[in-house]
Amino acid sequence: MVIAIGFEGSANKLGIGIIQDGVVLSNPRHTYITPPGEGFLPRDTAKHHREHALDILQAALQEAKITPEQIDVVCYTKGPGMGAPLISTAVVARTVAQLWKKPIVAVNHCIGHIEMGRLITGAVNPTVLYVSGGNTQVISYSEKRYRIFGETIDIAVGNCLDRFARVLKLSNDPSPGYNIEQLAKKGEKFLELPYAVKGMDVSFSGLLSFIEERAPVLIKKGEYTPADLCMSLQETIFAMLVEITERAMAHCCSQEVLIVGGVGCNKHLQDMMRKMAEERDAVLYATDERFCIDNGAMIAQAGLEMFKCGMTSPLDDTFCTQRYRTDEVLVKWRD
């Protein structure tokens, strides 16, 4: 029975999770929340992670009811992500690994999401839509790699939602995307926005500039409410994502689709994807905020799979990188 502890801190959430052979023993996290209209800066986010790391570590151990001696491997997020928060979290993981005399595994953040999604939902070989604040990719597994079929060519979908939330001065608690989702439910009038699908890729920057520029005027004139604009934004960007996901499913002859990443919590995105999947006689797999949003257990799960295949990281190689492609990782643990 292998027990892995995972440290995740690539953005504004610090999470430490413990997994025992596919069973989540604990998964506490703490989110750095900024005032409405503001994003989170790398330096301040790293400071938040340093201040809460020991408390979250203690909570993870207590909730799991295990001691450091019982842990077999320490896992941490190598990247992608924001440099300063990644480093502050990796320092804790490296320190713990040396103090506890445990092997350490450097994990790709994106693969952590995928492996957690597969574990929780039971999806076998799905086409994956990975949507978060920093990433937007359509992925499928083939020949020991997670292959990227399509992705954003500029900003990520979560970043697009977050930046529009700043325009509307929506609260960042619990997250800007969640508050856009709730406001969008009250929307009634659709505003046509630029729809930018380019082959298998998507673009959100032009759409964001379009709505950022017009929103204050449209709201001031009373032509559209903030709810109308949130609804319009969601409908447009989610339609783009469903389109490229369906195209990848058709190419791979896939009958499963799995949504992972923080934006994957969005119920409306799940509903739109479910309708598409049903039309193809396929099945949608998705999770809730416990596992969609960045968490330590997903890093522990991916690291556990790597560890069982003999994939560990020499201490000298336990660095971080803001750019770490999903398809760079050799996936030894899958057939």
# chains A, B, ... in the order shown; residues from 1 in each chain; ligands from 1
call {"tool": "select_by_dssp", "arguments": {"residues": "stretch 102-170 of chain A", "states": "alpha helix (DSSP H)", "output": "MDAnalysis selection string"}}
result
chainID A and resid 109:121 157:167
call {"tool": "closest_atom_pairs", "arguments": {"of": "stretch 201-277 of chain A", "to": "stretch 144-148 of chain A", "cutoff": "12 Å", "atoms": "only C-alpha atoms", "output": "tab-separated table"}}
result
residue	atom	partner	partner_atom	distance
A:Asp201	CA	A:Ile148	CA	10.2
A:Ile244	CA	A:Ile148	CA	11.7
A:Thr245	CA	A:Ile148	CA	11.2
A:Ala248	CA	A:Ile148	CA	9.7
A:Cys252	CA	A:Arg147	CA	11.2
call {"tool": "residues_around", "arguments": {"residues": "A:Gln255", "least_positions_apart": "5", "cutoff": "8 Å", "atoms": "only C-alpha atoms", "output": "MDAnalysis selection string"}}
result
chainID A and resid 126 249 277 280:283
call {"tool": "residues_around", "arguments": {"residues": "stretch 155-164 of chain A", "least_positions_apart": "6", "cutoff": "10 Å", "atoms": "only C-alpha atoms", "output": "ChimeraX atom specification"}}
result
/A:37-39,130-137,170,172,175-181,202-209,211-212,215,229-230,233-234,237-238,241,261-264
call {"tool": "closest_atom_pairs", "arguments": {"of": "stretch 267-314 of chain A", "to": "stretch 109-114 of chain A", "cutoff": "7 Å", "atoms": "only C-alpha atoms", "output": "CSV"}}
result
residue,atom,partner,partner_atom,distance
A:Met298,CA,A:Gly112,CA,4.9
A:Ile299,CA,A:Gly112,CA,5.0
A:Gln301,CA,A:Gly112,CA,7.0
A:Ala302,CA,A:Gly112,CA,5.1
call {"tool": "select_by_dssp", "arguments": {"residues": "stretch 40-196 of chain A", "states": "strand (DSSP E)", "output": "PyMOL selection string"}}
result
chain A and resi 73-79+104-108+127-131+136-142+145-151
call {"tool": "closest_residue", "arguments": {"among": "A:Leu61, A:Ile71, A:Ala93, A:Leu168", "to": "A:Glu8", "atoms": "only C-alpha atoms"}}
result
A:Ala93
call {"tool": "residues_around", "arguments": {"residues": "stretch 45-51 of chain A", "least_positions_apart": "5", "cutoff": "9 Å", "atoms": "only C-alpha atoms", "output": "CSV table (one decimal) with N, CA and C atoms, in the first residue's frame"}}
result
chain,number,residue,atom,x,y,z
A,9,GLY,N,1.0,24.4,-5.5
A,9,GLY,CA,0.9,25.8,-5.2
A,9,GLY,C,1.3,26.6,-6.5
A,11,ALA,N,-0.6,28.4,-8.4
A,11,ALA,CA,-1.4,29.7,-8.6
A,11,ALA,C,-1.8,30.2,-7.2
A,12,ASN,N,-3.0,30.6,-7.0
A,12,ASN,CA,-3.4,31.2,-5.8
A,12,ASN,C,-4.0,30.2,-4.7
A,13,LYS,N,-3.9,28.9,-5.0
A,13,LYS,CA,-4.4,27.9,-4.1
A,13,LYS,C,-3.2,27.1,-3.6
A,14,LEU,N,-3.0,27.0,-2.3
A,14,LEU,CA,-2.1,26.1,-1.7
A,14,LEU,C,-2.8,24.9,-1.2
A,30,HIS,N,-5.8,26.1,1.0
A,30,HIS,CA,-6.1,27.5,1.4
A,30,HIS,C,-5.9,28.4,0.2
A,31,THR,N,-6.9,29.3,-0.1
A,31,THR,CA,-6.9,30.1,-1.3
A,31,THR,C,-6.6,31.6,-0.9
A,32,TYR,N,-5.7,32.1,-1.7
A,32,TYR,CA,-5.3,33.6,-1.6
A,32,TYR,C,-6.3,34.4,-2.3
A,40,PHE,N,-4.1,38.4,-8.6
A,40,PHE,CA,-3.1,38.1,-7.6
A,40,PHE,C,-1.7,38.1,-8.2
A,83,GLY,N,5.8,31.5,-11.3
A,83,GLY,CA,7.2,31.2,-10.8
A,83,GLY,C,7.3,31.2,-9.3
A,84,ALA,N,7.0,32.4,-8.7
A,84,ALA,CA,7.2,32.5,-7.3
A,84,ALA,C,6.4,31.6,-6.4
A,85,PRO,N,5.1,31.4,-6.7
A,85,PRO,CA,4.3,30.4,-5.9
A,85,PRO,C,4.8,29.0,-6.1
A,86,LEU,N,5.2,28.6,-7.3
A,86,LEU,CA,5.7,27.3,-7.5
A,86,LEU,C,7.0,27.1,-6.7
A,87,ILE,N,7.9,28.0,-6.7
A,87,ILE,CA,9.1,27.9,-6.0
A,87,ILE,C,8.9,27.8,-4.5
A,88,SER,N,8.0,28.6,-3.9
A,88,SER,CA,7.8,28.6,-2.5
A,88,SER,C,7.2,27.3,-2.0
A,89,THR,N,6.4,26.7,-2.9
A,89,THR,CA,5.8,25.4,-2.5
A,89,THR,C,6.8,24.3,-2.7
A,92,VAL,N,9.2,23.9,0.3
A,92,VAL,CA,8.6,23.1,1.4
A,92,VAL,C,8.6,21.6,1.1
call {"tool": "residues_around", "arguments": {"residues": "A:Ala59", "least_positions_apart": "6", "cutoff": "9 Å", "atoms": "only C-alpha atoms", "output": "list in words"}}
result
Ile16, Ser26, Asn27 and Pro28 of chain A
call {"tool": "closest_residue", "arguments": {"among": "A:Val242, A:Asp154, A:Gly296, A:Gly6", "to": "A:Arg274", "atoms": "only C-alpha atoms"}}
result
A:Val242
